[in-house]
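Okay, entry-v4.txt now, which holds compact mmCIF, N, CA and C atoms:
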# COMPACT_ATOMS: atom_id res chain seq x y z
N MET A 6 -221.57 22.59 -127.11
CA MET A 6 -221.53 21.51 -126.15
C MET A 6 -221.69 22.10 -124.75
N ASP A 7 -222.02 21.29 -123.81
CA ASP A 7 -222.32 21.76 -122.46
C ASP A 7 -221.28 22.78 -121.97
N ALA A 8 -220.39 22.34 -121.13
CA ALA A 8 -219.40 23.25 -120.55
C ALA A 8 -218.20 23.45 -121.48
N LEU A 9 -218.03 22.56 -122.43
CA LEU A 9 -216.89 22.64 -123.32
C LEU A 9 -217.32 23.09 -124.71
N GLY A 10 -216.54 23.97 -125.31
CA GLY A 10 -216.80 24.37 -126.69
C GLY A 10 -216.23 23.33 -127.64
N ASP A 11 -216.66 23.39 -128.90
CA ASP A 11 -216.20 22.43 -129.90
C ASP A 11 -214.67 22.43 -130.03
N GLU A 12 -214.04 23.61 -129.94
CA GLU A 12 -212.58 23.67 -130.08
C GLU A 12 -211.89 22.95 -128.93
N GLU A 13 -212.40 23.12 -127.72
CA GLU A 13 -211.83 22.42 -126.56
C GLU A 13 -212.02 20.92 -126.70
N VAL A 14 -213.20 20.51 -127.17
CA VAL A 14 -213.47 19.09 -127.37
C VAL A 14 -212.55 18.52 -128.45
N LYS A 15 -212.35 19.27 -129.53
CA LYS A 15 -211.43 18.83 -130.59
C LYS A 15 -210.03 18.59 -130.02
N SER A 16 -209.58 19.52 -129.21
CA SER A 16 -208.26 19.40 -128.61
C SER A 16 -208.16 18.16 -127.72
N ARG A 17 -209.19 17.92 -126.92
CA ARG A 17 -209.19 16.75 -126.03
C ARG A 17 -209.26 15.45 -126.82
N ILE A 18 -210.09 15.43 -127.87
CA ILE A 18 -210.19 14.23 -128.70
C ILE A 18 -208.85 13.94 -129.37
N GLN A 19 -208.21 14.97 -129.91
CA GLN A 19 -206.93 14.77 -130.58
C GLN A 19 -205.90 14.19 -129.62
N LYS A 20 -205.88 14.67 -128.40
CA LYS A 20 -204.95 14.16 -127.39
C LYS A 20 -205.22 12.68 -127.11
N ILE A 21 -206.49 12.31 -126.99
CA ILE A 21 -206.86 10.91 -126.74
C ILE A 21 -206.50 10.04 -127.94
N LEU A 22 -206.74 10.55 -129.14
CA LEU A 22 -206.36 9.80 -130.35
C LEU A 22 -204.85 9.57 -130.38
N ASP A 23 -204.10 10.62 -130.10
CA ASP A 23 -202.63 10.54 -130.15
C ASP A 23 -202.06 9.61 -129.08
N GLU A 24 -202.61 9.67 -127.88
CA GLU A 24 -202.01 8.96 -126.74
C GLU A 24 -202.59 7.58 -126.48
N MET A 25 -203.85 7.36 -126.83
CA MET A 25 -204.49 6.09 -126.48
C MET A 25 -204.93 5.27 -127.69
N ILE A 26 -205.64 5.90 -128.60
CA ILE A 26 -206.30 5.15 -129.67
C ILE A 26 -205.36 4.81 -130.82
N ASN A 27 -204.65 5.79 -131.34
CA ASN A 27 -203.77 5.50 -132.48
C ASN A 27 -202.66 4.50 -132.15
N PRO A 28 -202.05 4.56 -130.98
CA PRO A 28 -201.07 3.50 -130.68
C PRO A 28 -201.69 2.10 -130.70
N ALA A 29 -202.93 1.97 -130.29
CA ALA A 29 -203.59 0.66 -130.28
C ALA A 29 -203.92 0.19 -131.70
N VAL A 30 -204.50 1.06 -132.52
CA VAL A 30 -204.86 0.63 -133.88
C VAL A 30 -203.63 0.52 -134.79
N ALA A 31 -202.53 1.16 -134.39
CA ALA A 31 -201.30 1.06 -135.18
C ALA A 31 -200.78 -0.37 -135.21
N SER A 32 -201.09 -1.15 -134.18
CA SER A 32 -200.64 -2.55 -134.16
C SER A 32 -201.30 -3.36 -135.27
N HIS A 33 -202.37 -2.84 -135.84
CA HIS A 33 -203.05 -3.47 -136.98
C HIS A 33 -202.82 -2.67 -138.26
N GLY A 34 -201.86 -1.77 -138.22
CA GLY A 34 -201.52 -0.98 -139.40
C GLY A 34 -202.49 0.14 -139.69
N GLY A 35 -203.29 0.54 -138.69
CA GLY A 35 -204.30 1.57 -138.92
C GLY A 35 -204.03 2.86 -138.20
N TRP A 36 -204.87 3.83 -138.48
CA TRP A 36 -204.83 5.13 -137.80
C TRP A 36 -206.21 5.77 -137.83
N VAL A 37 -206.44 6.70 -136.91
CA VAL A 37 -207.70 7.42 -136.81
C VAL A 37 -207.39 8.91 -136.85
N GLU A 38 -208.14 9.62 -137.68
CA GLU A 38 -207.95 11.07 -137.83
C GLU A 38 -209.24 11.79 -137.45
N LEU A 39 -209.12 12.85 -136.68
CA LEU A 39 -210.26 13.68 -136.33
C LEU A 39 -210.48 14.69 -137.45
N LEU A 40 -211.68 14.66 -138.06
CA LEU A 40 -212.00 15.60 -139.12
C LEU A 40 -212.67 16.86 -138.57
N ASP A 41 -213.62 16.68 -137.63
CA ASP A 41 -214.34 17.83 -137.10
C ASP A 41 -215.18 17.41 -135.89
N VAL A 42 -215.66 18.41 -135.16
CA VAL A 42 -216.63 18.21 -134.09
C VAL A 42 -217.73 19.24 -134.31
N LYS A 43 -218.97 18.75 -134.43
CA LYS A 43 -220.12 19.64 -134.59
C LYS A 43 -221.27 19.08 -133.78
N ASP A 44 -221.91 19.94 -133.01
CA ASP A 44 -223.10 19.56 -132.23
C ASP A 44 -222.87 18.30 -131.40
N SER A 45 -221.76 18.24 -130.71
CA SER A 45 -221.41 17.13 -129.80
C SER A 45 -221.13 15.82 -130.51
N ILE A 46 -220.90 15.85 -131.81
CA ILE A 46 -220.58 14.66 -132.59
C ILE A 46 -219.18 14.82 -133.17
N ALA A 47 -218.36 13.79 -133.00
CA ALA A 47 -217.01 13.78 -133.58
C ALA A 47 -217.06 13.05 -134.92
N TYR A 48 -216.49 13.66 -135.94
CA TYR A 48 -216.42 13.06 -137.27
C TYR A 48 -214.99 12.57 -137.48
N LEU A 49 -214.86 11.27 -137.71
CA LEU A 49 -213.55 10.63 -137.80
C LEU A 49 -213.34 9.98 -139.16
N LYS A 50 -212.08 9.82 -139.51
CA LYS A 50 -211.68 9.07 -140.70
C LYS A 50 -210.68 8.02 -140.24
N LEU A 51 -210.90 6.79 -140.66
CA LEU A 51 -210.00 5.69 -140.33
C LEU A 51 -209.22 5.32 -141.56
N GLY A 52 -207.93 5.02 -141.39
CA GLY A 52 -207.11 4.71 -142.53
C GLY A 52 -206.17 3.55 -142.25
N GLY A 53 -205.35 3.26 -143.24
CA GLY A 53 -204.43 2.14 -143.14
C GLY A 53 -205.19 0.84 -143.04
N GLY A 54 -204.82 0.00 -142.10
CA GLY A 54 -205.47 -1.29 -141.93
C GLY A 54 -206.91 -1.20 -141.48
N CYS A 55 -207.34 -0.04 -140.98
CA CYS A 55 -208.74 0.12 -140.54
C CYS A 55 -209.67 0.33 -141.73
N GLN A 56 -209.14 0.85 -142.83
CA GLN A 56 -209.98 1.14 -143.99
C GLN A 56 -210.42 -0.15 -144.65
N GLY A 57 -211.71 -0.40 -144.66
CA GLY A 57 -212.26 -1.59 -145.29
C GLY A 57 -212.26 -2.82 -144.41
N CYS A 58 -211.78 -2.73 -143.19
CA CYS A 58 -211.73 -3.89 -142.29
C CYS A 58 -213.14 -4.29 -141.89
N GLY A 59 -213.39 -5.58 -141.84
CA GLY A 59 -214.69 -6.09 -141.45
C GLY A 59 -215.04 -5.82 -140.00
N MET A 60 -214.06 -5.52 -139.19
CA MET A 60 -214.29 -5.25 -137.76
C MET A 60 -214.33 -3.75 -137.45
N VAL A 61 -214.38 -2.91 -138.47
CA VAL A 61 -214.29 -1.48 -138.25
C VAL A 61 -215.44 -0.96 -137.39
N ASN A 62 -216.64 -1.49 -137.54
CA ASN A 62 -217.76 -1.01 -136.73
C ASN A 62 -217.57 -1.35 -135.26
N VAL A 63 -217.02 -2.52 -134.98
CA VAL A 63 -216.73 -2.90 -133.59
C VAL A 63 -215.66 -1.99 -133.02
N THR A 64 -214.61 -1.77 -133.77
CA THR A 64 -213.53 -0.87 -133.33
C THR A 64 -214.08 0.52 -133.08
N LEU A 65 -214.91 1.00 -133.99
CA LEU A 65 -215.45 2.35 -133.88
C LEU A 65 -216.35 2.49 -132.66
N LYS A 66 -217.31 1.60 -132.50
CA LYS A 66 -218.31 1.75 -131.43
C LYS A 66 -217.79 1.29 -130.06
N GLN A 67 -217.18 0.10 -130.00
CA GLN A 67 -216.76 -0.45 -128.72
C GLN A 67 -215.39 0.04 -128.28
N GLY A 68 -214.58 0.45 -129.21
CA GLY A 68 -213.24 0.92 -128.87
C GLY A 68 -213.14 2.43 -128.84
N ILE A 69 -213.24 3.03 -130.02
CA ILE A 69 -213.01 4.46 -130.15
C ILE A 69 -214.11 5.28 -129.47
N GLU A 70 -215.38 5.03 -129.84
CA GLU A 70 -216.46 5.83 -129.29
C GLU A 70 -216.58 5.66 -127.78
N SER A 71 -216.48 4.43 -127.29
CA SER A 71 -216.62 4.23 -125.84
C SER A 71 -215.49 4.91 -125.08
N THR A 72 -214.28 4.86 -125.61
CA THR A 72 -213.14 5.54 -124.96
C THR A 72 -213.35 7.05 -124.95
N LEU A 73 -213.73 7.60 -126.10
CA LEU A 73 -213.92 9.05 -126.18
C LEU A 73 -215.05 9.52 -125.26
N LYS A 74 -216.16 8.79 -125.22
CA LYS A 74 -217.29 9.19 -124.38
C LYS A 74 -216.97 9.03 -122.90
N GLU A 75 -216.14 8.07 -122.57
CA GLU A 75 -215.71 7.90 -121.18
C GLU A 75 -214.85 9.07 -120.74
N GLU A 76 -213.96 9.51 -121.63
CA GLU A 76 -213.05 10.61 -121.32
C GLU A 76 -213.73 11.98 -121.45
N ILE A 77 -214.72 12.08 -122.35
CA ILE A 77 -215.41 13.35 -122.62
C ILE A 77 -216.91 13.08 -122.59
N PRO A 78 -217.52 13.11 -121.40
CA PRO A 78 -218.94 12.76 -121.26
C PRO A 78 -219.89 13.62 -122.10
N GLN A 79 -219.49 14.84 -122.45
CA GLN A 79 -220.33 15.73 -123.25
C GLN A 79 -220.47 15.25 -124.70
N LEU A 80 -219.58 14.36 -125.12
CA LEU A 80 -219.60 13.89 -126.50
C LEU A 80 -220.80 12.97 -126.71
N ALA A 81 -221.61 13.27 -127.73
CA ALA A 81 -222.83 12.49 -127.99
C ALA A 81 -222.53 11.23 -128.80
N GLY A 82 -221.46 11.26 -129.61
CA GLY A 82 -221.15 10.10 -130.42
C GLY A 82 -220.10 10.41 -131.46
N VAL A 83 -219.81 9.39 -132.27
CA VAL A 83 -218.85 9.54 -133.36
C VAL A 83 -219.48 9.04 -134.65
N ILE A 84 -219.07 9.64 -135.75
CA ILE A 84 -219.52 9.22 -137.07
C ILE A 84 -218.28 8.96 -137.92
N ASP A 85 -218.26 7.80 -138.54
CA ASP A 85 -217.17 7.39 -139.41
C ASP A 85 -217.40 7.98 -140.80
N GLN A 86 -216.46 8.77 -141.27
CA GLN A 86 -216.55 9.41 -142.59
C GLN A 86 -215.64 8.72 -143.62
N THR A 87 -215.16 7.53 -143.30
CA THR A 87 -214.20 6.82 -144.14
C THR A 87 -214.88 6.19 -145.35
N ASP A 88 -214.21 6.24 -146.50
CA ASP A 88 -214.64 5.49 -147.68
C ASP A 88 -213.97 4.12 -147.57
N HIS A 89 -214.68 3.16 -147.00
CA HIS A 89 -214.08 1.86 -146.74
C HIS A 89 -213.88 1.01 -147.99
N ALA A 90 -214.48 1.38 -149.10
CA ALA A 90 -214.29 0.63 -150.34
C ALA A 90 -213.14 1.19 -151.16
N GLY A 91 -212.69 2.39 -150.84
CA GLY A 91 -211.64 3.04 -151.62
C GLY A 91 -210.26 2.70 -151.12
N GLY A 92 -209.29 3.36 -151.68
CA GLY A 92 -207.90 3.17 -151.26
C GLY A 92 -207.20 2.10 -152.06
N SER A 93 -205.89 2.11 -151.99
CA SER A 93 -205.11 1.17 -152.79
C SER A 93 -204.98 -0.19 -152.11
N ASN A 94 -205.05 -0.24 -150.78
CA ASN A 94 -204.88 -1.50 -150.09
C ASN A 94 -205.71 -1.53 -148.81
N PRO A 95 -207.05 -1.45 -148.95
CA PRO A 95 -207.84 -1.48 -147.72
C PRO A 95 -207.78 -2.84 -147.05
N TYR A 96 -207.87 -2.83 -145.76
CA TYR A 96 -207.92 -4.03 -144.90
C TYR A 96 -206.59 -4.76 -144.81
N TYR A 97 -206.05 -4.68 -143.66
CA TYR A 97 -204.79 -5.35 -143.32
C TYR A 97 -205.06 -6.81 -142.98
N GLN A 98 -204.31 -7.72 -143.57
CA GLN A 98 -204.42 -9.13 -143.21
C GLN A 98 -203.06 -9.59 -142.69
N PRO A 99 -203.02 -10.05 -141.44
CA PRO A 99 -201.73 -10.47 -140.88
C PRO A 99 -201.16 -11.68 -141.61
N ALA A 100 -199.86 -11.76 -141.64
CA ALA A 100 -199.18 -12.91 -142.26
C ALA A 100 -199.50 -14.16 -141.46
N LYS A 101 -199.59 -15.27 -142.15
CA LYS A 101 -199.91 -16.54 -141.46
C LYS A 101 -198.67 -17.31 -141.15

Please re-express this file's structure in structure tokens.
Amino acid sequence: MDALGDEEVKSRIQKILDEMINPAVASHGGWVELLDVKDSIAYLKLGGGCQGCGMVNVTLKQGIESTLKEEIPQLAGVIDQTDHAGGSNPYYQPAK
């Protein structure tokens, strides 16, 4: 990556996930995990209520990716590595 190495970017992404993103998605029973950073791309896994959610692409692109790119301009993008069809209880549905 430009001025930052992948390890520095990983550290910065993890801090943003811990302090900004995970507290927000936790309100929907979800979480985001950083798997790796390669060639300016962050590879993420979404779990809990985010796994299998119909709005996951909106959350990923408009929420997570835009926040990360705003905070780390060198980041080219994010790729979701989640198996959205798997898991024992994908997609959180709030009580009515």

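Backbone DSSP of chain A yields strand (DSSP E) at Gly35, Trp36, Val37, Glu38, Leu39, Leu40, Asp41, Val42, Lys43, Ile46, Ala47, Tyr48, Leu49, Lys50, Leu51, Gly52, Gly53, Gly82, Val83, Ile84 and Asp85 of chain A.
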
Item to complete: Give me every helix (DSSP H, G or I) residue in chain A, going by DSSP on the backbone, as a PyMOL selection string.
Response: chain A and resi 11-31+61-76

Padded axis-aligned box of stretch 61-72 of chain A (4 Å per side), centre and edge lengths, Å, one decimal, as lines of an AutoDock Vina configuration file:
center_x = -215.7
center_y = 2.1
center_z = -131.7
size_x = 13.3
size_y = 18.0
size_z = 21.5

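We find atom CA of A:Asp85 and atom C of A:Thr72 to be spaced 15.0 Å apart.
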
Discussion item. So the first atom is atom C of A:Ile69 and the second is atom C of A:Ala31; what is the distance between them in Å, to one decimal place?
Written reply: 15.6 Å

Item to complete: With a distance cut-off of 10 Å and only C-alpha atoms, select the neighbouring residues of stretch 10-24 of chain A, excluding the residue or stretch itself and same-chain residues fewer than 2 positions from it, and output the selection as a list in words.
Response: Met6, Asp7, Ala8, Ile26, Asn27, Pro28, Ala29, Val30, Trp36, Val37, Glu38, Leu39, Leu40, Asp41, Val42, Lys43, Asp44, Ser45, Ile46, Ala47, Ile69, Thr72, Leu73, Lys74, Glu76, Ile77, Gln79 and Leu80 of chain A

Practice prompt. Find the distance between atom CA of A:Gly57 and atom CA of A:Asp88 and write it in Å to one decimal.
Written response: 7.8 Å

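Minimum atom-to-atom distances from A:Pro78, A:Cys58, A:Lys50, A:Gly35 to A:Ala90 were compared using only N, CA and C atoms, and the lowest value belongs to A:Cys58.
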
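In terms of minimum interatomic distance to A:Cys55, A:Gly34 ranks closest within A:Ala81, A:Glu75, A:Met25, A:Gly34, counting all atoms listed in the file.
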